[in-house]
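File shown here: structure.csv, holding CSV, N, CA and C atoms.
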chain,number,residue,atom,x,y,z
A,12,VAL,N,-97.5,-18.9,23.3
A,12,VAL,CA,-98.8,-19.3,22.8
A,12,VAL,C,-98.8,-19.5,21.3
A,13,GLN,N,-99.3,-20.6,20.8
A,13,GLN,CA,-99.3,-20.8,19.4
A,13,GLN,C,-100.8,-21.0,19.0
A,14,LEU,N,-101.1,-20.2,18.0
A,14,LEU,CA,-102.5,-20.3,17.4
A,14,LEU,C,-102.4,-21.1,16.2
A,15,GLN,N,-103.4,-22.1,16.0
A,15,GLN,CA,-103.4,-23.0,14.9
A,15,GLN,C,-104.5,-22.5,13.9
A,16,ALA,N,-104.0,-22.2,12.7
A,16,ALA,CA,-105.0,-21.9,11.7
A,16,ALA,C,-105.4,-23.1,10.9
A,17,SER,N,-106.6,-23.1,10.4
A,17,SER,CA,-107.2,-24.2,9.6
A,17,SER,C,-108.1,-23.7,8.5
A,18,GLY,N,-108.4,-24.6,7.6
A,18,GLY,CA,-109.3,-24.2,6.5
A,18,GLY,C,-108.7,-24.0,5.2
A,19,GLY,N,-107.4,-24.1,5.1
A,19,GLY,CA,-106.7,-23.9,3.8
A,19,GLY,C,-107.0,-25.1,2.9
A,20,GLY,N,-106.5,-24.9,1.7
A,20,GLY,CA,-106.7,-26.0,0.7
A,20,GLY,C,-106.3,-25.5,-0.7
A,21,LEU,N,-106.7,-26.3,-1.7
A,21,LEU,CA,-106.4,-26.0,-3.1
A,21,LEU,C,-107.7,-25.5,-3.7
A,22,VAL,N,-107.6,-24.3,-4.4
A,22,VAL,CA,-108.8,-23.7,-5.0
A,22,VAL,C,-108.5,-23.1,-6.3
A,23,GLN,N,-109.4,-23.1,-7.2
A,23,GLN,CA,-109.2,-22.4,-8.5
A,23,GLN,C,-109.3,-20.9,-8.3
A,24,ALA,N,-108.6,-20.2,-9.2
A,24,ALA,CA,-108.7,-18.7,-9.2
A,24,ALA,C,-110.1,-18.3,-9.3
A,25,GLY,N,-110.5,-17.3,-8.5
A,25,GLY,CA,-111.9,-16.8,-8.5
A,25,GLY,C,-112.7,-17.5,-7.4
A,26,GLY,N,-112.2,-18.6,-6.8
A,26,GLY,CA,-112.9,-19.3,-5.8
A,26,GLY,C,-112.7,-18.7,-4.4
A,27,SER,N,-113.3,-19.4,-3.4
A,27,SER,CA,-113.3,-18.9,-2.0
A,27,SER,C,-112.9,-19.9,-1.0
A,28,LEU,N,-112.4,-19.4,0.1
A,28,LEU,CA,-112.0,-20.3,1.2
A,28,LEU,C,-112.3,-19.5,2.5
A,29,ARG,N,-112.6,-20.2,3.6
A,29,ARG,CA,-112.7,-19.6,4.9
A,29,ARG,C,-111.8,-20.2,5.8
A,30,LEU,N,-110.9,-19.4,6.4
A,30,LEU,CA,-109.9,-19.8,7.4
A,30,LEU,C,-110.5,-19.6,8.8
A,31,SER,N,-110.1,-20.4,9.7
A,31,SER,CA,-110.5,-20.3,11.1
A,31,SER,C,-109.3,-20.4,12.0
A,32,CYS,N,-109.4,-19.8,13.2
A,32,CYS,CA,-108.3,-19.9,14.1
A,32,CYS,C,-108.9,-19.8,15.5
A,33,ALA,N,-108.9,-20.8,16.3
A,33,ALA,CA,-109.5,-20.9,17.6
A,33,ALA,C,-108.4,-20.7,18.6
A,34,ALA,N,-108.7,-19.9,19.6
A,34,ALA,CA,-107.7,-19.6,20.7
A,34,ALA,C,-107.5,-20.9,21.5
A,35,PRO,N,-106.3,-21.2,21.9
A,35,PRO,CA,-106.1,-22.4,22.8
A,35,PRO,C,-106.7,-22.0,24.2
A,36,ARG,N,-106.9,-23.0,25.0
A,36,ARG,CA,-107.6,-22.9,26.3
A,36,ARG,C,-106.7,-21.9,27.2
A,37,SER,N,-105.4,-21.9,27.0
A,37,SER,CA,-104.5,-21.1,27.8
A,37,SER,C,-104.8,-19.6,27.7
A,38,ILE,N,-105.4,-19.2,26.6
A,38,ILE,CA,-105.6,-17.7,26.5
A,38,ILE,C,-107.0,-17.4,26.3
A,39,THR,N,-108.0,-18.3,26.4
A,39,THR,CA,-109.4,-18.0,26.2
A,39,THR,C,-109.8,-16.9,27.1
A,40,SER,N,-109.3,-16.8,28.3
A,40,SER,CA,-109.8,-15.8,29.3
A,40,SER,C,-109.3,-14.4,28.9
A,41,VAL,N,-108.3,-14.3,28.1
A,41,VAL,CA,-107.8,-13.0,27.7
A,41,VAL,C,-107.9,-12.7,26.2
A,42,PHE,N,-108.4,-13.6,25.5
A,42,PHE,CA,-108.5,-13.5,24.0
A,42,PHE,C,-109.2,-12.2,23.6
A,43,ASN,N,-110.2,-11.8,24.4
A,43,ASN,CA,-111.0,-10.6,24.0
A,43,ASN,C,-110.3,-9.3,24.3
A,44,SER,N,-109.0,-9.4,24.8
A,44,SER,CA,-108.3,-8.3,25.1
A,44,SER,C,-107.3,-7.9,24.0
A,45,TYR,N,-107.2,-8.8,23.0
A,45,TYR,CA,-106.2,-8.6,22.0
A,45,TYR,C,-106.7,-8.3,20.6
A,46,VAL,N,-106.0,-7.4,19.9
A,46,VAL,CA,-106.2,-7.2,18.5
A,46,VAL,C,-105.7,-8.5,17.8
A,47,MET,N,-106.4,-9.1,16.9
A,47,MET,CA,-106.0,-10.3,16.2
A,47,MET,C,-105.8,-10.0,14.7
A,48,ALA,N,-105.0,-10.8,14.1
A,48,ALA,CA,-104.7,-10.6,12.7
A,48,ALA,C,-104.4,-11.9,12.0
A,49,TRP,N,-104.5,-11.8,10.7
A,49,TRP,CA,-104.1,-12.9,9.8
A,49,TRP,C,-102.8,-12.4,9.0
A,50,TYR,N,-101.9,-13.3,8.9
A,50,TYR,CA,-100.7,-13.0,8.2
A,50,TYR,C,-100.5,-14.1,7.1
A,51,ARG,N,-99.6,-13.8,6.2
A,51,ARG,CA,-99.3,-14.9,5.2
A,51,ARG,C,-97.8,-14.8,4.8
A,52,GLN,N,-97.3,-15.9,4.4
A,52,GLN,CA,-95.9,-15.9,3.9
A,52,GLN,C,-95.8,-16.8,2.7
A,53,ALA,N,-95.4,-16.3,1.6
A,53,ALA,CA,-95.2,-17.0,0.3
A,53,ALA,C,-93.7,-17.5,0.3
A,54,PRO,N,-93.4,-18.5,-0.4
A,54,PRO,CA,-92.0,-19.0,-0.5
A,54,PRO,C,-91.1,-17.9,-1.0
A,55,GLY,N,-90.0,-17.7,-0.3
A,55,GLY,CA,-89.0,-16.7,-0.6
A,55,GLY,C,-89.4,-15.3,-0.3
A,56,LYS,N,-90.5,-15.1,0.4
A,56,LYS,CA,-90.9,-13.8,0.7
A,56,LYS,C,-91.1,-13.6,2.2
A,57,GLU,N,-91.1,-12.4,2.7
A,57,GLU,CA,-91.3,-12.2,4.1
A,57,GLU,C,-92.7,-12.3,4.5
A,58,ARG,N,-93.0,-12.6,5.8
A,58,ARG,CA,-94.3,-12.7,6.2
A,58,ARG,C,-94.9,-11.3,6.2
A,59,GLU,N,-96.2,-11.2,5.8
A,59,GLU,CA,-96.9,-9.9,5.8
A,59,GLU,C,-98.2,-10.0,6.4
A,60,SER,N,-98.6,-8.9,6.9
A,60,SER,CA,-100.0,-8.8,7.5
A,60,SER,C,-101.0,-8.7,6.4
A,61,VAL,N,-102.1,-9.4,6.6
A,61,VAL,CA,-103.2,-9.4,5.6
A,61,VAL,C,-104.4,-8.6,6.1
A,62,ALA,N,-104.7,-8.9,7.3
A,62,ALA,CA,-105.9,-8.2,7.9
A,62,ALA,C,-105.8,-8.2,9.4
A,63,SER,N,-106.5,-7.3,10.0
A,63,SER,CA,-106.4,-7.1,11.5
A,63,SER,C,-107.8,-6.7,12.0
A,64,ILE,N,-108.1,-7.1,13.2
A,64,ILE,CA,-109.4,-6.8,13.8
A,64,ILE,C,-109.3,-6.5,15.3
A,65,THR,N,-109.9,-5.4,15.7
A,65,THR,CA,-109.8,-5.0,17.1
A,65,THR,C,-110.9,-5.8,17.9
A,66,VAL,N,-110.8,-5.7,19.2
A,66,VAL,CA,-111.8,-6.4,20.0
A,66,VAL,C,-113.2,-5.9,19.7
A,67,GLY,N,-113.3,-4.6,19.3
A,67,GLY,CA,-114.6,-4.1,19.0
A,67,GLY,C,-115.1,-4.3,17.6
A,68,GLY,N,-114.2,-4.9,16.8
A,68,GLY,CA,-114.6,-5.2,15.4
A,68,GLY,C,-114.1,-4.3,14.3
A,69,ALA,N,-113.3,-3.3,14.6
A,69,ALA,CA,-112.7,-2.5,13.6
A,69,ALA,C,-111.7,-3.2,12.8
A,70,THR,N,-111.7,-3.1,11.5
A,70,THR,CA,-110.8,-3.9,10.7
A,70,THR,C,-109.9,-3.0,9.8
A,71,THR,N,-108.8,-3.6,9.5
A,71,THR,CA,-107.8,-3.0,8.5
A,71,THR,C,-107.4,-4.1,7.6
A,72,TYR,N,-107.0,-3.8,6.4
A,72,TYR,CA,-106.6,-4.8,5.4
A,72,TYR,C,-105.4,-4.3,4.6
A,73,ALA,N,-104.6,-5.2,4.1
A,73,ALA,CA,-103.6,-4.9,3.2
A,73,ALA,C,-104.3,-4.5,1.9
A,74,ASP,N,-103.6,-3.6,1.1
A,74,ASP,CA,-104.2,-3.1,-0.1
A,74,ASP,C,-104.5,-4.2,-1.1
A,75,SER,N,-103.6,-5.2,-1.0
A,75,SER,CA,-103.7,-6.3,-2.0
A,75,SER,C,-105.0,-7.2,-1.8
A,76,VAL,N,-105.6,-7.1,-0.6
A,76,VAL,CA,-106.8,-8.0,-0.4
A,76,VAL,C,-108.1,-7.2,-0.1
A,77,LYS,N,-108.0,-5.9,-0.1
A,77,LYS,CA,-109.2,-5.1,0.2
A,77,LYS,C,-110.3,-5.4,-0.8
A,78,GLY,N,-111.5,-5.5,-0.3
A,78,GLY,CA,-112.6,-5.8,-1.2
A,78,GLY,C,-112.8,-7.3,-1.5
A,79,ARG,N,-111.8,-8.1,-1.2
A,79,ARG,CA,-111.9,-9.6,-1.4
A,79,ARG,C,-111.9,-10.4,-0.2
A,80,PHE,N,-111.1,-9.9,0.9
A,80,PHE,CA,-111.0,-10.7,2.1
A,80,PHE,C,-111.8,-10.0,3.2
A,81,THR,N,-112.4,-10.7,4.1
A,81,THR,CA,-113.1,-10.2,5.3
A,81,THR,C,-112.6,-10.9,6.5
A,82,ILE,N,-112.1,-10.1,7.5
A,82,ILE,CA,-111.7,-10.7,8.8
A,82,ILE,C,-112.9,-10.5,9.7
A,83,SER,N,-113.1,-11.5,10.6
A,83,SER,CA,-114.1,-11.3,11.6
A,83,SER,C,-113.7,-12.1,12.8
A,84,ARG,N,-114.4,-11.9,13.9
A,84,ARG,CA,-114.1,-12.6,15.1
A,84,ARG,C,-115.4,-12.9,15.9
A,85,ASP,N,-115.4,-14.0,16.6
A,85,ASP,CA,-116.5,-14.4,17.5
A,85,ASP,C,-115.9,-14.5,18.9
A,86,ASN,N,-116.1,-13.4,19.6
A,86,ASN,CA,-115.4,-13.4,21.0
A,86,ASN,C,-116.0,-14.4,21.9
A,87,SER,N,-117.3,-14.8,21.7
A,87,SER,CA,-117.8,-15.9,22.5
A,87,SER,C,-117.2,-17.3,22.2
A,88,LYS,N,-116.8,-17.5,21.0
A,88,LYS,CA,-116.1,-18.7,20.6
A,88,LYS,C,-114.6,-18.6,20.6
A,89,LYS,N,-114.1,-17.4,20.9
A,89,LYS,CA,-112.6,-17.2,20.9
A,89,LYS,C,-112.0,-17.6,19.6
A,90,THR,N,-112.7,-17.2,18.5
A,90,THR,CA,-112.2,-17.6,17.2
A,90,THR,C,-112.1,-16.4,16.2
A,91,VAL,N,-111.2,-16.5,15.4
A,91,VAL,CA,-111.0,-15.5,14.3
A,91,VAL,C,-111.1,-16.1,13.0
A,92,TYR,N,-111.8,-15.4,12.0
A,92,TYR,CA,-112.0,-16.0,10.7
A,92,TYR,C,-111.4,-15.1,9.6
A,93,LEU,N,-111.1,-15.7,8.5
A,93,LEU,CA,-110.8,-14.9,7.3
A,93,LEU,C,-111.5,-15.5,6.1
A,94,GLN,N,-112.5,-14.8,5.7
A,94,GLN,CA,-113.2,-15.2,4.5
A,94,GLN,C,-112.5,-14.6,3.3
A,95,MET,N,-112.1,-15.5,2.4
A,95,MET,CA,-111.3,-15.1,1.2
A,95,MET,C,-112.1,-15.4,-0.1
A,96,ASN,N,-112.5,-14.3,-0.8
A,96,ASN,CA,-113.2,-14.5,-2.0
A,96,ASN,C,-112.4,-14.0,-3.2
A,97,SER,N,-112.8,-14.3,-4.4
A,97,SER,CA,-112.1,-13.9,-5.6
A,97,SER,C,-110.6,-14.1,-5.5
A,98,LEU,N,-110.3,-15.3,-5.1
A,98,LEU,CA,-108.8,-15.6,-4.9
A,98,LEU,C,-108.0,-15.6,-6.2
A,99,LYS,N,-106.8,-15.1,-6.0
A,99,LYS,CA,-105.9,-15.0,-7.1
A,99,LYS,C,-104.7,-15.9,-6.9
A,100,SER,N,-103.9,-16.2,-7.9
A,100,SER,CA,-102.8,-17.0,-7.8
A,100,SER,C,-101.8,-16.4,-6.8
A,101,GLU,N,-101.7,-15.1,-6.8
A,101,GLU,CA,-100.8,-14.4,-5.9
A,101,GLU,C,-101.2,-14.5,-4.4
A,102,ASP,N,-102.3,-15.0,-4.1
A,102,ASP,CA,-102.7,-15.2,-2.8
A,102,ASP,C,-102.2,-16.5,-2.2
A,103,THR,N,-101.6,-17.3,-3.1
A,103,THR,CA,-101.0,-18.6,-2.6
A,103,THR,C,-99.9,-18.3,-1.6
A,104,SER,N,-100.1,-18.9,-0.4
A,104,SER,CA,-99.2,-18.6,0.8
A,104,SER,C,-99.6,-19.6,1.9
A,105,VAL,N,-98.7,-19.6,2.9
A,105,VAL,CA,-99.1,-20.2,4.2
A,105,VAL,C,-99.7,-19.1,5.0
A,106,TYR,N,-100.9,-19.3,5.5
A,106,TYR,CA,-101.6,-18.3,6.3
A,106,TYR,C,-101.5,-18.6,7.8
A,107,TYR,N,-101.3,-17.6,8.6
A,107,TYR,CA,-101.1,-17.7,10.0
A,107,TYR,C,-102.1,-16.7,10.7
A,108,CYS,N,-102.5,-17.1,11.9
A,108,CYS,CA,-103.2,-16.1,12.7
A,108,CYS,C,-102.3,-15.8,14.0
A,109,ASN,N,-102.4,-14.7,14.5
A,109,ASN,CA,-101.6,-14.3,15.6
A,109,ASN,C,-102.2,-13.0,16.1
A,110,ALA,N,-101.7,-12.5,17.3
A,110,ALA,CA,-102.1,-11.2,17.8
A,110,ALA,C,-101.4,-10.1,16.9
A,111,ASN,N,-101.9,-8.9,17.1
A,111,ASN,CA,-101.3,-7.8,16.4
A,111,ASN,C,-101.0,-6.7,17.5
A,112,PRO,N,-99.7,-6.5,17.8
A,112,PRO,CA,-98.5,-7.1,17.3
A,112,PRO,C,-98.4,-8.5,17.6
A,113,PRO,N,-97.7,-9.3,16.8
A,113,PRO,CA,-97.7,-10.8,17.0
A,113,PRO,C,-96.9,-11.2,18.2
A,114,TRP,N,-97.5,-12.3,18.8
A,114,TRP,CA,-96.7,-13.0,19.9
A,114,TRP,C,-95.5,-13.7,19.3
A,115,LYS,N,-94.6,-14.0,20.1
A,115,LYS,CA,-93.3,-14.5,19.7
A,115,LYS,C,-93.4,-15.8,18.9
A,116,LYS,N,-94.2,-16.7,19.4
A,116,LYS,CA,-94.3,-18.1,18.8
A,116,LYS,C,-95.4,-18.1,17.7
A,117,TRP,N,-95.1,-18.7,16.6
A,117,TRP,CA,-96.1,-18.8,15.5
A,117,TRP,C,-96.6,-20.3,15.4
A,118,GLY,N,-97.8,-20.4,15.1
A,118,GLY,CA,-98.4,-21.8,14.8
A,118,GLY,C,-97.9,-22.2,13.5
A,119,GLN,N,-98.4,-23.4,13.1
A,119,GLN,CA,-97.9,-24.0,11.8
A,119,GLN,C,-98.5,-23.3,10.6
A,120,GLY,N,-99.6,-22.7,10.7
A,120,GLY,CA,-100.2,-22.1,9.6
A,120,GLY,C,-101.0,-23.1,8.7
A,121,THR,N,-101.7,-22.6,7.8
A,121,THR,CA,-102.5,-23.4,6.9
A,121,THR,C,-102.2,-23.0,5.4
A,122,GLN,N,-101.9,-24.0,4.6
A,122,GLN,CA,-101.5,-23.7,3.2
A,122,GLN,C,-102.8,-23.4,2.3
A,123,VAL,N,-102.7,-22.3,1.6
A,123,VAL,CA,-103.7,-21.9,0.6
A,123,VAL,C,-103.0,-21.9,-0.7
A,124,THR,N,-103.5,-22.7,-1.6
A,124,THR,CA,-102.9,-22.7,-3.0
A,124,THR,C,-104.0,-22.4,-4.0
A,125,VAL,N,-103.8,-21.4,-4.8
A,125,VAL,CA,-104.7,-20.9,-5.8
A,125,VAL,C,-104.2,-21.3,-7.2
A,126,SER,N,-104.9,-22.1,-7.9
A,126,SER,CA,-104.4,-22.5,-9.2
A,126,SER,C,-105.1,-21.6,-10.3
A,127,SER,N,-104.3,-21.2,-11.2
A,127,SER,CA,-104.8,-20.3,-12.3
A,127,SER,C,-105.4,-21.1,-13.5
Representation of the structure as structure tokens:
Amino acid sequence: VQLQASGGGLVQAGGSLRLSCAAPRSITSVFNSYVMAWYRQAPGKERESVASITVGGATTYADSVKGRFTISRDNSKKTVYLQMNSLKSEDTSVYYCNANPPWKKWGQGTQVTVSS
């Protein structure tokens, strides 16, 4: 299963973006059974977990994004969101959504570039 993230772009430092990730039809019947998460990978760095959300809505965040990013999910729409506020240049990465723990295949991700 590959989840496709969208909503990335170029934004100035301090700005906001909202990423979305809709589950493909093949997993919509089981989407509500999975913990979902957003990950990111900057050039030359390992992929890291940014935020995670349980089926019931409990969330966890990496220390680097706490207070700035908000993960949410709409189980009726089978979609996961990442609201990113107060963006910093160090947030520049390709962002991916996946289950937590992640499924084997990764989608293409969406590029977020924050200019200082």
In terms of only C-alpha atoms, the residue from A:Gly18, A:Pro54, A:Gly78, A:Pro35 at minimal distance from Leu93 of chain A is A:Gly18
Hey, what's within 8 Å of Gln119 of chain A if we count all atoms listed in the file and toss same-chain stuff fewer than 3 positions away? As a tab-separated table (two decimals) with N, CA and C atoms, keeping the file's coordinate frame, please?
chain	number	residue	atom	x	y	z
A	13	GLN	N	-99.30	-20.60	20.80
A	13	GLN	CA	-99.30	-20.80	19.40
A	13	GLN	C	-100.80	-21.00	19.00
A	14	LEU	N	-101.10	-20.20	18.00
A	14	LEU	CA	-102.50	-20.30	17.40
A	14	LEU	C	-102.40	-21.10	16.20
A	15	GLN	N	-103.40	-22.10	16.00
A	15	GLN	CA	-103.40	-23.00	14.90
A	15	GLN	C	-104.50	-22.50	13.90
A	16	ALA	N	-104.00	-22.20	12.70
A	16	ALA	CA	-105.00	-21.90	11.70
A	16	ALA	C	-105.40	-23.10	10.90
A	105	VAL	N	-98.70	-19.60	2.90
A	105	VAL	CA	-99.10	-20.20	4.20
A	105	VAL	C	-99.70	-19.10	5.00
A	106	TYR	N	-100.90	-19.30	5.50
A	106	TYR	CA	-101.60	-18.30	6.30
A	106	TYR	C	-101.50	-18.60	7.80
A	107	TYR	N	-101.30	-17.60	8.60
A	107	TYR	CA	-101.10	-17.70	10.00
A	107	TYR	C	-102.10	-16.70	10.70
A	108	CYS	N	-102.50	-17.10	11.90
A	108	CYS	CA	-103.20	-16.10	12.70
A	108	CYS	C	-102.30	-15.80	14.00
A	116	LYS	N	-94.20	-16.70	19.40
A	116	LYS	CA	-94.30	-18.10	18.80
A	116	LYS	C	-95.40	-18.10	17.70
A	122	GLN	N	-101.90	-24.00	4.60
A	122	GLN	CA	-101.50	-23.70	3.20
A	122	GLN	C	-102.80	-23.40	2.30
Exercise for review: Enumerate the residues of segment 14-127 of chain A with a DSSP assignment of strand (DSSP E or B), computed from the backbone, and present them as a PyMOL selection string.
Suggested key: chain A and resi 15-17+20-23+28-33+47-52+59-64+70-72+80-85+90-95+104-110+121-126
Only N, CA and C atoms, please: the residues just picked out, written as a short mmCIF file (atom, residue, chain, number, x, y, z; two decimals), in the coordinates of the input.
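Saved the output as again_29.cif:
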data_model
loop_
_atom_site.label_atom_id
_atom_site.label_comp_id
_atom_site.auth_asym_id
_atom_site.auth_seq_id
_atom_site.Cartn_x
_atom_site.Cartn_y
_atom_site.Cartn_z
N GLN A 15 -103.40 -22.10 16.00
CA GLN A 15 -103.40 -23.00 14.90
C GLN A 15 -104.50 -22.50 13.90
N ALA A 16 -104.00 -22.20 12.70
CA ALA A 16 -105.00 -21.90 11.70
C ALA A 16 -105.40 -23.10 10.90
N SER A 17 -106.60 -23.10 10.40
CA SER A 17 -107.20 -24.20 9.60
C SER A 17 -108.10 -23.70 8.50
N GLY A 20 -106.50 -24.90 1.70
CA GLY A 20 -106.70 -26.00 0.70
C GLY A 20 -106.30 -25.50 -0.70
N LEU A 21 -106.70 -26.30 -1.70
CA LEU A 21 -106.40 -26.00 -3.10
C LEU A 21 -107.70 -25.50 -3.70
N VAL A 22 -107.60 -24.30 -4.40
CA VAL A 22 -108.80 -23.70 -5.00
C VAL A 22 -108.50 -23.10 -6.30
N GLN A 23 -109.40 -23.10 -7.20
CA GLN A 23 -109.20 -22.40 -8.50
C GLN A 23 -109.30 -20.90 -8.30
N LEU A 28 -112.40 -19.40 0.10
CA LEU A 28 -112.00 -20.30 1.20
C LEU A 28 -112.30 -19.50 2.50
N ARG A 29 -112.60 -20.20 3.60
CA ARG A 29 -112.70 -19.60 4.90
C ARG A 29 -111.80 -20.20 5.80
N LEU A 30 -110.90 -19.40 6.40
CA LEU A 30 -109.90 -19.80 7.40
C LEU A 30 -110.50 -19.60 8.80
N SER A 31 -110.10 -20.40 9.70
CA SER A 31 -110.50 -20.30 11.10
C SER A 31 -109.30 -20.40 12.00
N CYS A 32 -109.40 -19.80 13.20
CA CYS A 32 -108.30 -19.90 14.10
C CYS A 32 -108.90 -19.80 15.50
N ALA A 33 -108.90 -20.80 16.30
CA ALA A 33 -109.50 -20.90 17.60
C ALA A 33 -108.40 -20.70 18.60
N MET A 47 -106.40 -9.10 16.90
CA MET A 47 -106.00 -10.30 16.20
C MET A 47 -105.80 -10.00 14.70
N ALA A 48 -105.00 -10.80 14.10
CA ALA A 48 -104.70 -10.60 12.70
C ALA A 48 -104.40 -11.90 12.00
N TRP A 49 -104.50 -11.80 10.70
CA TRP A 49 -104.10 -12.90 9.80
C TRP A 49 -102.80 -12.40 9.00
N TYR A 50 -101.90 -13.30 8.90
CA TYR A 50 -100.70 -13.00 8.20
C TYR A 50 -100.50 -14.10 7.10
N ARG A 51 -99.60 -13.80 6.20
CA ARG A 51 -99.30 -14.90 5.20
C ARG A 51 -97.80 -14.80 4.80
N GLN A 52 -97.30 -15.90 4.40
CA GLN A 52 -95.90 -15.90 3.90
C GLN A 52 -95.80 -16.80 2.70
N GLU A 59 -96.20 -11.20 5.80
CA GLU A 59 -96.90 -9.90 5.80
C GLU A 59 -98.20 -10.00 6.40
N SER A 60 -98.60 -8.90 6.90
CA SER A 60 -100.00 -8.80 7.50
C SER A 60 -101.00 -8.70 6.40
N VAL A 61 -102.10 -9.40 6.60
CA VAL A 61 -103.20 -9.40 5.60
C VAL A 61 -104.40 -8.60 6.10
N ALA A 62 -104.70 -8.90 7.30
CA ALA A 62 -105.90 -8.20 7.90
C ALA A 62 -105.80 -8.20 9.40
N SER A 63 -106.50 -7.30 10.00
CA SER A 63 -106.40 -7.10 11.50
C SER A 63 -107.80 -6.70 12.00
N ILE A 64 -108.10 -7.10 13.20
CA ILE A 64 -109.40 -6.80 13.80
C ILE A 64 -109.30 -6.50 15.30
N THR A 70 -111.70 -3.10 11.50
CA THR A 70 -110.80 -3.90 10.70
C THR A 70 -109.90 -3.00 9.80
N THR A 71 -108.80 -3.60 9.50
CA THR A 71 -107.80 -3.00 8.50
C THR A 71 -107.40 -4.10 7.60
N TYR A 72 -107.00 -3.80 6.40
CA TYR A 72 -106.60 -4.80 5.40
C TYR A 72 -105.40 -4.30 4.60
N PHE A 80 -111.10 -9.90 0.90
CA PHE A 80 -111.00 -10.70 2.10
C PHE A 80 -111.80 -10.00 3.20
N THR A 81 -112.40 -10.70 4.10
CA THR A 81 -113.10 -10.20 5.30
C THR A 81 -112.60 -10.90 6.50
N ILE A 82 -112.10 -10.10 7.50
CA ILE A 82 -111.70 -10.70 8.80
C ILE A 82 -112.90 -10.50 9.70
N SER A 83 -113.10 -11.50 10.60
CA SER A 83 -114.10 -11.30 11.60
C SER A 83 -113.70 -12.10 12.80
N ARG A 84 -114.40 -11.90 13.90
CA ARG A 84 -114.10 -12.60 15.10
C ARG A 84 -115.40 -12.90 15.90
N ASP A 85 -115.40 -14.00 16.60
CA ASP A 85 -116.50 -14.40 17.50
C ASP A 85 -115.90 -14.50 18.90
N THR A 90 -112.70 -17.20 18.50
CA THR A 90 -112.20 -17.60 17.20
C THR A 90 -112.10 -16.40 16.20
N VAL A 91 -111.20 -16.50 15.40
CA VAL A 91 -111.00 -15.50 14.30
C VAL A 91 -111.10 -16.10 13.00
N TYR A 92 -111.80 -15.40 12.00
CA TYR A 92 -112.00 -16.00 10.70
C TYR A 92 -111.40 -15.10 9.60
N LEU A 93 -111.10 -15.70 8.50
CA LEU A 93 -110.80 -14.90 7.30
C LEU A 93 -111.50 -15.50 6.10
N GLN A 94 -112.50 -14.80 5.70
CA GLN A 94 -113.20 -15.20 4.50
C GLN A 94 -112.50 -14.60 3.30
N MET A 95 -112.10 -15.50 2.40
CA MET A 95 -111.30 -15.10 1.20
C MET A 95 -112.10 -15.40 -0.10
N SER A 104 -100.10 -18.90 -0.40
CA SER A 104 -99.20 -18.60 0.80
C SER A 104 -99.60 -19.60 1.90
N VAL A 105 -98.70 -19.60 2.90
CA VAL A 105 -99.10 -20.20 4.20
C VAL A 105 -99.70 -19.10 5.00
N TYR A 106 -100.90 -19.30 5.50
CA TYR A 106 -101.60 -18.30 6.30
C TYR A 106 -101.50 -18.60 7.80
N TYR A 107 -101.30 -17.60 8.60
CA TYR A 107 -101.10 -17.70 10.00
C TYR A 107 -102.10 -16.70 10.70
N CYS A 108 -102.50 -17.10 11.90
CA CYS A 108 -103.20 -16.10 12.70
C CYS A 108 -102.30 -15.80 14.00
N ASN A 109 -102.40 -14.70 14.50
CA ASN A 109 -101.60 -14.30 15.60
C ASN A 109 -102.20 -13.00 16.10
N ALA A 110 -101.70 -12.50 17.30
CA ALA A 110 -102.10 -11.20 17.80
C ALA A 110 -101.40 -10.10 16.90
N THR A 121 -101.70 -22.60 7.80
CA THR A 121 -102.50 -23.40 6.90
C THR A 121 -102.20 -23.00 5.40
N GLN A 122 -101.90 -24.00 4.60
CA GLN A 122 -101.50 -23.70 3.20
C GLN A 122 -102.80 -23.40 2.30
N VAL A 123 -102.70 -22.30 1.60
CA VAL A 123 -103.70 -21.90 0.60
C VAL A 123 -103.00 -21.90 -0.70
N THR A 124 -103.50 -22.70 -1.60
CA THR A 124 -102.90 -22.70 -3.00
C THR A 124 -104.00 -22.40 -4.00
N VAL A 125 -103.80 -21.40 -4.80
CA VAL A 125 -104.70 -20.90 -5.80
C VAL A 125 -104.20 -21.30 -7.20
N SER A 126 -104.90 -22.10 -7.90
CA SER A 126 -104.40 -22.50 -9.20
C SER A 126 -105.10 -21.60 -10.30
#
* To do: Could you please determine the separation between atom CA of Thr90 of chain A and atom CA of Ser31 of chain A in Å, to one decimal place?
  =>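 Distance between the two atoms: 6.9 Å.
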Residue with smallest distance to Asn43 of chain A - pool A:Ala73, A:Leu30, A:Val66, A:Val91, counting only N, CA and C atoms
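With only N, CA and C atoms as the atom set, the closest residue is A:Val66.
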